[in-house]
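One structure below.
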2 protein chains.
Amino acid sequence: MTSAEPRTLVETKRIRLFDRTRPLDFVHGGRLEEVTVAYETYGTLNKARDNAVYICHALTGDAHAALWHEGDARPGWWDVMIGPGKAIDTNRWFVISSNLLGGCRGTTGPSDLDPATGEPYGLDFPLLDMHDFVTVHRTLMRALGVDHLHAAVGGSLGGMQVLDWSLTHPGDMDQAVVVASSSRLTAQNIAFSAVGREAIMRDENFHDGRFVVEGTSPDVGLAVARMMAHITYTSEEGFEEKFARRPQHDDRRPGFGVDFAVESYLDHQGAVFVNRFDALSYLYLTRVMDYFDPFADPTAMDAVAGTGLKYLVMSFDSDWRFGTAHSRRIVRQLQSRGLPVSFREIRAPWGHDSFLLPIGPYLDTVRAFLEQPTRPRPSIHRHRLGRHR
Amino acid sequence: MTSAEPRTLVETKRIRLFDRTRPLDFVHGGRLEEVTVAYETYGTLNKARDNAVYICHALTGDAHAALWHEGDARPGWWDVMIGPGKAIDTNRWFVISSNLLGGCRGTTGPSDLDPATGEPYGLDFPLLDMHDFVTVHRTLMRALGVDHLHAAVGGSLGGMQVLDWSLTHPGDMDQAVVVASSSRLTAQNIAFSAVGREAIMRDENFHDGRFVVEGTSPDVGLAVARMMAHITYTSEEGFEEKFARRPQHDDRRPGFGVDFAVESYLDHQGAVFVNRFDALSYLYLTRVMDYFDPFADPTAMDAVAGTGLKYLVMSFDSDWRFGTAHSRRIVRQLQSRGLPVSFREIRAPWGHDSFLLPIGPYLDTVRAFLEQPTRPRPSIHRHRLGRHR
């Protein structure tokens, strides 16, 4: 950005959405009586309350999707996509972005204190399901005065949430944007996640998930998990273009340190990550992805079929984590029940992480899709909205 | 194999190849005054001493390439390739297979005792170069009475040794077989190795490489490194065919244990590996691969050009570690200097590890190549050989 561009400041807010009178019950069992959610909003909800767009973040994202926090060195993680005049134009749309349940960036997660014990939940935190994320998203949206979304939008794990949400509660939205995502992890996908979890759980500082109480953290395992995962987020071509075999130091002498530039880059990725992410959240959130398999249920599309909910499904040709085959499977499933699906594969050499990057045809496609006229909503819905005014 | 097939027993032998009177000097500096090499041979060296085939093993291989050790549950690691009547037919060829310098399967490596200190070398073991492997192979071969090979054959890191050997000492062989190998790792290749090494070196039991003295071993790091690497040795398709999303237990309930069959498989790979491999050898041998880049030297092919040394270069279409692009690069380089190169890409769904598997067209290609008539050798060479009889 140019220095002349104004920095619009935002803050992350927190809201208690579940409490003793309204607890959160989990799909796989367990209940929490205190759930706080961190979120941000950009733009203004219009009087018809029909211009809301909900952003679902990926594995290591957070509520800070766009614009700037006071003191930020960089804007939010999807600032290329969201903002005034951007693809998700905050002059037009009211954007809601929240941190995931089980996360570590302001929303209740496994390293937060369990009010019943006064100690962190650790591995006593309930196992998570994609439906649990959707339950929390729906609750937040209504707490913000929004009954219906123009669209839900997400990449990677975010796209999974959007897909699950659209299938289970199609009345909540007119459009669903599912980018670089999957409806079913492959054995290889699961394998990479499993090795990352193994590195964390076998770290001597993991202490069966009680590391906060022990005053430590499984940083080595978490860094190794992140470094490995990061390789899978980048394409071979992207790595080659960025680093190739460039030495890190001019006077390269073989050793076991950081000899190659790509090693320095990965080291940095690992080191930064352990300072901003929690090992337990990493376990919980990756496991949700492993189990996500909505179309395994033959009734999965009964609710959405016939609603005319519009899908945009996108992939990147160099993505080898959730590549085009994953997206095509989603498209096939949705089309098999007559749902209107726009599909586009974008050429981009940066692998899975392309969904975070300023790629013109990608951003333009999202913009154009969101600007499509929406389907007429049931009159009962419009009536109900009318009462809010 | 059928139970009726006879099991030919072999033993791994060890030979002291370097000592105080003939020390081994390393390319990157350092000298060892005691180097012992573990090796096996199969078949019989003929009177002309012109039927020897040298096998170079990959990262985690050893000298036991074929046939059976007493008590073996499985034969050697390349028994599908080597044996009576097989592609490398031990009725015809005299096969030499040795464990790599720096390894941990009988040849001197970093966890062996340094005679100067009485303690394991640890990270004081000299840094290794591909040339060092070749030096030791050449010394062993001559110690076994062989001055000239019919062929050197290797897959993966083994193929790198064959390539380096053929370029630096083309007079040693008539044929070079380079399978699923590379002349230059990509940034992604290096990245995966770097994360594996990081997992090992940051394991609390690594103790700066002095773990043997400390009576421990960085098993967690080594297992994680192996599990991750193993994913890269298998194709996504291979994993999918073998495991897909099959649960490990009938009563699958989400958790952080071994829920999916692919997780159980990886766990097993890691557990078995730490019992047979040494963490320091893993560091040393992977680093050799990172640095290998023979064609970066414009004079690399000056020695081999014009010799007529015949190459067979093979790749597997599902290999995403050292895939066909790596092999094609080798082919292009060799052909640019007029060397006769046969190249074949084999269709096989099992990724990099396909080179270890019984794939008919692959084995048949190796067999046919080895059976080609060899080039006439310089008369001085034949004369010298003649004196041995």
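Order determines the names: the first chain of the structure tokens is A, the second B, and so forth; residues in each chain are numbered 1 upward, and ligands are numbered 1 upward as they are shown.
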Extract the full set of helix (DSSP H, G or I) residues from stretch 251-309 of chain A according to DSSP on the backbone, and format it as a PyMOL selection string.
-> chain A and resi 261-276+279-291+294-296
Find the residues in chain A near chain B: any atom within 6 Å counts, using only C-alpha atoms. Write them as a ChimeraX atom specification.
-> /A:187-188,236,239-240,244-245
Next, write the just-selected residues to a file, as a compact mmCIF listing (two decimals), in the first residue's frame, keeping all heavy atoms as the atom set.
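Contents of the output file selection.txt:
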# COMPACT_ATOMS: atom_id res chain seq x y z
N ALA A 187 -6.53 -39.31 2.95
CA ALA A 187 -5.62 -39.96 3.91
C ALA A 187 -4.34 -39.15 4.04
O ALA A 187 -3.78 -39.02 5.13
CB ALA A 187 -5.32 -41.38 3.46
N GLN A 188 -3.87 -38.56 2.93
CA GLN A 188 -2.64 -37.76 3.01
C GLN A 188 -2.87 -36.49 3.84
O GLN A 188 -2.03 -36.11 4.64
CB GLN A 188 -2.15 -37.39 1.61
CG GLN A 188 -0.79 -36.72 1.63
CD GLN A 188 -0.42 -36.11 0.29
OE1 GLN A 188 -0.96 -35.09 -0.14
NE2 GLN A 188 0.49 -36.77 -0.40
N GLU A 236 5.29 -26.36 -4.59
CA GLU A 236 6.70 -26.57 -4.92
C GLU A 236 7.19 -25.41 -5.80
O GLU A 236 8.28 -24.87 -5.59
CB GLU A 236 6.85 -27.90 -5.65
CG GLU A 236 8.25 -28.11 -6.20
CD GLU A 236 8.68 -29.56 -6.12
OE1 GLU A 236 7.84 -30.45 -6.27
OE2 GLU A 236 9.89 -29.79 -5.91
N PHE A 239 7.72 -22.23 -3.70
CA PHE A 239 8.98 -22.31 -2.94
C PHE A 239 10.17 -22.08 -3.86
O PHE A 239 11.14 -21.42 -3.51
CB PHE A 239 9.12 -23.69 -2.30
CG PHE A 239 8.78 -23.73 -0.83
CD1 PHE A 239 8.08 -24.80 -0.30
CD2 PHE A 239 9.16 -22.71 0.04
CE1 PHE A 239 7.77 -24.86 1.05
CE2 PHE A 239 8.85 -22.77 1.39
CZ PHE A 239 8.15 -23.84 1.89
N GLU A 240 10.07 -22.67 -5.04
CA GLU A 240 11.20 -22.61 -5.98
C GLU A 240 11.42 -21.18 -6.44
O GLU A 240 12.55 -20.71 -6.52
CB GLU A 240 10.89 -23.54 -7.16
CG GLU A 240 12.10 -24.12 -7.84
CD GLU A 240 13.05 -24.86 -6.91
OE1 GLU A 240 12.63 -25.32 -5.82
OE2 GLU A 240 14.23 -24.96 -7.26
N ALA A 244 14.36 -21.24 -4.19
CA ALA A 244 15.20 -22.19 -4.93
C ALA A 244 16.25 -22.77 -3.98
O ALA A 244 15.89 -23.20 -2.89
CB ALA A 244 15.84 -21.52 -6.14
N ARG A 245 17.51 -22.74 -4.37
CA ARG A 245 18.56 -23.31 -3.51
C ARG A 245 19.45 -22.21 -2.96
O ARG A 245 20.62 -22.44 -2.60
CB ARG A 245 19.40 -24.31 -4.31
CG ARG A 245 18.58 -25.48 -4.84
CD ARG A 245 19.40 -26.38 -5.75
NE ARG A 245 20.62 -26.81 -5.13
CZ ARG A 245 20.71 -27.81 -4.25
NH1 ARG A 245 19.63 -28.47 -3.90
NH2 ARG A 245 21.87 -28.13 -3.73
Got a sec: who's within 9 Å of stretch 343-346 of chain A, counting only C-alpha atoms, leaving out chain neighbours fewer than 6 positions off, as a ChimeraX atom specification?
-> /A:311-318,324,327-328,331,359,361-362,365
For all heavy atoms, I'd like the residues from the last selection saved as a short mmCIF file (atom, residue, chain, number, x, y, z; two decimals), in the first residue's frame.
data_model
loop_
_atom_site.label_atom_id
_atom_site.label_comp_id
_atom_site.auth_asym_id
_atom_site.auth_seq_id
_atom_site.Cartn_x
_atom_site.Cartn_y
_atom_site.Cartn_z
N TYR A 311 -24.04 -21.05 -4.71
CA TYR A 311 -22.68 -21.36 -4.26
C TYR A 311 -21.64 -20.83 -5.24
O TYR A 311 -21.83 -20.91 -6.46
CB TYR A 311 -22.48 -22.87 -4.17
CG TYR A 311 -23.15 -23.51 -2.96
CD1 TYR A 311 -24.45 -23.99 -3.04
CD2 TYR A 311 -22.47 -23.65 -1.76
CE1 TYR A 311 -25.07 -24.58 -1.95
CE2 TYR A 311 -23.07 -24.25 -0.67
CZ TYR A 311 -24.37 -24.70 -0.76
OH TYR A 311 -24.96 -25.30 0.32
N LEU A 312 -20.57 -20.34 -4.67
CA LEU A 312 -19.36 -20.10 -5.45
C LEU A 312 -18.27 -20.99 -4.85
O LEU A 312 -17.94 -20.86 -3.66
CB LEU A 312 -18.93 -18.64 -5.39
CG LEU A 312 -17.55 -18.31 -6.00
CD1 LEU A 312 -17.51 -18.64 -7.49
CD2 LEU A 312 -17.19 -16.84 -5.77
N VAL A 313 -17.75 -21.87 -5.65
CA VAL A 313 -16.68 -22.77 -5.21
C VAL A 313 -15.44 -22.44 -6.04
O VAL A 313 -15.51 -22.38 -7.27
CB VAL A 313 -17.09 -24.25 -5.40
CG1 VAL A 313 -15.96 -25.17 -4.99
CG2 VAL A 313 -18.37 -24.55 -4.61
N MET A 314 -14.32 -22.22 -5.34
CA MET A 314 -13.09 -21.85 -6.06
C MET A 314 -11.90 -22.67 -5.58
O MET A 314 -11.81 -23.01 -4.40
CB MET A 314 -12.77 -20.36 -5.84
CG MET A 314 -13.87 -19.44 -6.34
SD MET A 314 -13.41 -17.70 -6.14
CE MET A 314 -12.42 -17.49 -7.59
N SER A 315 -11.01 -22.92 -6.51
CA SER A 315 -9.77 -23.63 -6.16
C SER A 315 -8.60 -22.95 -6.87
O SER A 315 -8.81 -22.12 -7.75
CB SER A 315 -9.85 -25.09 -6.57
OG SER A 315 -9.91 -25.19 -7.99
N PHE A 316 -7.40 -23.32 -6.48
CA PHE A 316 -6.18 -22.79 -7.11
C PHE A 316 -5.40 -23.96 -7.69
O PHE A 316 -5.20 -24.98 -7.02
CB PHE A 316 -5.36 -22.01 -6.08
CG PHE A 316 -6.10 -20.83 -5.53
CD1 PHE A 316 -6.87 -20.95 -4.38
CD2 PHE A 316 -6.10 -19.61 -6.20
CE1 PHE A 316 -7.60 -19.87 -3.89
CE2 PHE A 316 -6.82 -18.53 -5.72
CZ PHE A 316 -7.57 -18.66 -4.56
N ASP A 317 -4.93 -23.78 -8.91
CA ASP A 317 -4.38 -24.95 -9.62
C ASP A 317 -3.11 -25.50 -8.98
O ASP A 317 -2.78 -26.66 -9.18
CB ASP A 317 -4.18 -24.64 -11.11
CG ASP A 317 -3.15 -23.54 -11.36
OD1 ASP A 317 -2.74 -22.87 -10.39
OD2 ASP A 317 -2.77 -23.36 -12.52
N SER A 318 -2.40 -24.70 -8.20
CA SER A 318 -1.16 -25.20 -7.59
C SER A 318 -1.37 -25.67 -6.15
O SER A 318 -0.42 -26.05 -5.47
CB SER A 318 -0.09 -24.10 -7.61
OG SER A 318 -0.54 -22.99 -6.85
N THR A 324 -7.96 -28.72 -6.63
CA THR A 324 -9.16 -28.64 -7.44
C THR A 324 -10.02 -29.90 -7.32
O THR A 324 -11.25 -29.80 -7.37
CB THR A 324 -8.75 -28.38 -8.91
OG1 THR A 324 -8.13 -27.08 -8.96
CG2 THR A 324 -9.95 -28.39 -9.83
N SER A 327 -12.44 -29.37 -4.58
CA SER A 327 -13.52 -28.44 -4.93
C SER A 327 -14.50 -29.07 -5.91
O SER A 327 -15.72 -28.90 -5.79
CB SER A 327 -12.92 -27.16 -5.54
OG SER A 327 -12.39 -26.33 -4.53
N ARG A 328 -13.97 -29.81 -6.87
CA ARG A 328 -14.85 -30.44 -7.85
C ARG A 328 -15.81 -31.42 -7.18
O ARG A 328 -16.95 -31.59 -7.61
CB ARG A 328 -14.02 -31.18 -8.92
CG ARG A 328 -13.43 -30.25 -9.95
CD ARG A 328 -13.03 -31.04 -11.21
NE ARG A 328 -12.21 -30.24 -12.10
CZ ARG A 328 -12.68 -29.29 -12.90
NH1 ARG A 328 -13.98 -29.03 -12.93
NH2 ARG A 328 -11.86 -28.60 -13.68
N VAL A 331 -18.58 -29.43 -5.82
CA VAL A 331 -19.44 -28.98 -6.92
C VAL A 331 -20.35 -30.12 -7.39
O VAL A 331 -21.56 -29.93 -7.55
CB VAL A 331 -18.57 -28.45 -8.09
CG1 VAL A 331 -19.42 -28.19 -9.32
CG2 VAL A 331 -17.83 -27.19 -7.66
N ILE A 359 -4.79 -11.86 -5.79
CA ILE A 359 -4.80 -12.41 -7.13
C ILE A 359 -6.05 -11.87 -7.83
O ILE A 359 -7.18 -12.23 -7.48
CB ILE A 359 -4.82 -13.95 -7.07
CG1 ILE A 359 -3.55 -14.45 -6.36
CG2 ILE A 359 -4.95 -14.54 -8.46
CD1 ILE A 359 -3.63 -15.85 -5.84
N PRO A 361 -7.96 -12.13 -10.65
CA PRO A 361 -9.13 -12.89 -11.13
C PRO A 361 -9.90 -13.55 -9.98
O PRO A 361 -11.12 -13.72 -10.06
CB PRO A 361 -8.50 -13.95 -12.04
CG PRO A 361 -7.18 -13.38 -12.45
CD PRO A 361 -6.71 -12.56 -11.28
N TYR A 362 -9.20 -13.88 -8.94
CA TYR A 362 -9.82 -14.48 -7.76
C TYR A 362 -10.69 -13.45 -7.04
O TYR A 362 -11.90 -13.65 -6.83
CB TYR A 362 -8.71 -15.04 -6.87
CG TYR A 362 -9.00 -15.28 -5.41
CD1 TYR A 362 -10.13 -15.98 -4.99
CD2 TYR A 362 -8.08 -14.86 -4.43
CE1 TYR A 362 -10.36 -16.22 -3.64
CE2 TYR A 362 -8.30 -15.11 -3.09
CZ TYR A 362 -9.45 -15.77 -2.69
OH TYR A 362 -9.66 -16.01 -1.36
N THR A 365 -13.71 -12.42 -9.04
CA THR A 365 -14.77 -13.42 -9.08
C THR A 365 -15.62 -13.35 -7.82
O THR A 365 -16.86 -13.45 -7.88
CB THR A 365 -14.15 -14.83 -9.24
OG1 THR A 365 -13.36 -14.86 -10.43
CG2 THR A 365 -15.24 -15.89 -9.33
#
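Here atom CA of A:Gly209 is placed at a distance of 26.5 Å from atom CA of A:Met160.
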Nearby residues (only C-alpha atoms) at most 10 Å from stretch 137-141 of chain B, same-chain spacing under 3 positions excluded, as a VMD selection string = chain B and resid 15 to 18 36 to 39 52 to 56 96 to 101 131 to 134 144 to 149 161 165 169 172
In Å, rounded to a single decimal, give me how far atom CA of B:Thr299 is from atom CA of B:Ser183.
-> 14.9 Å
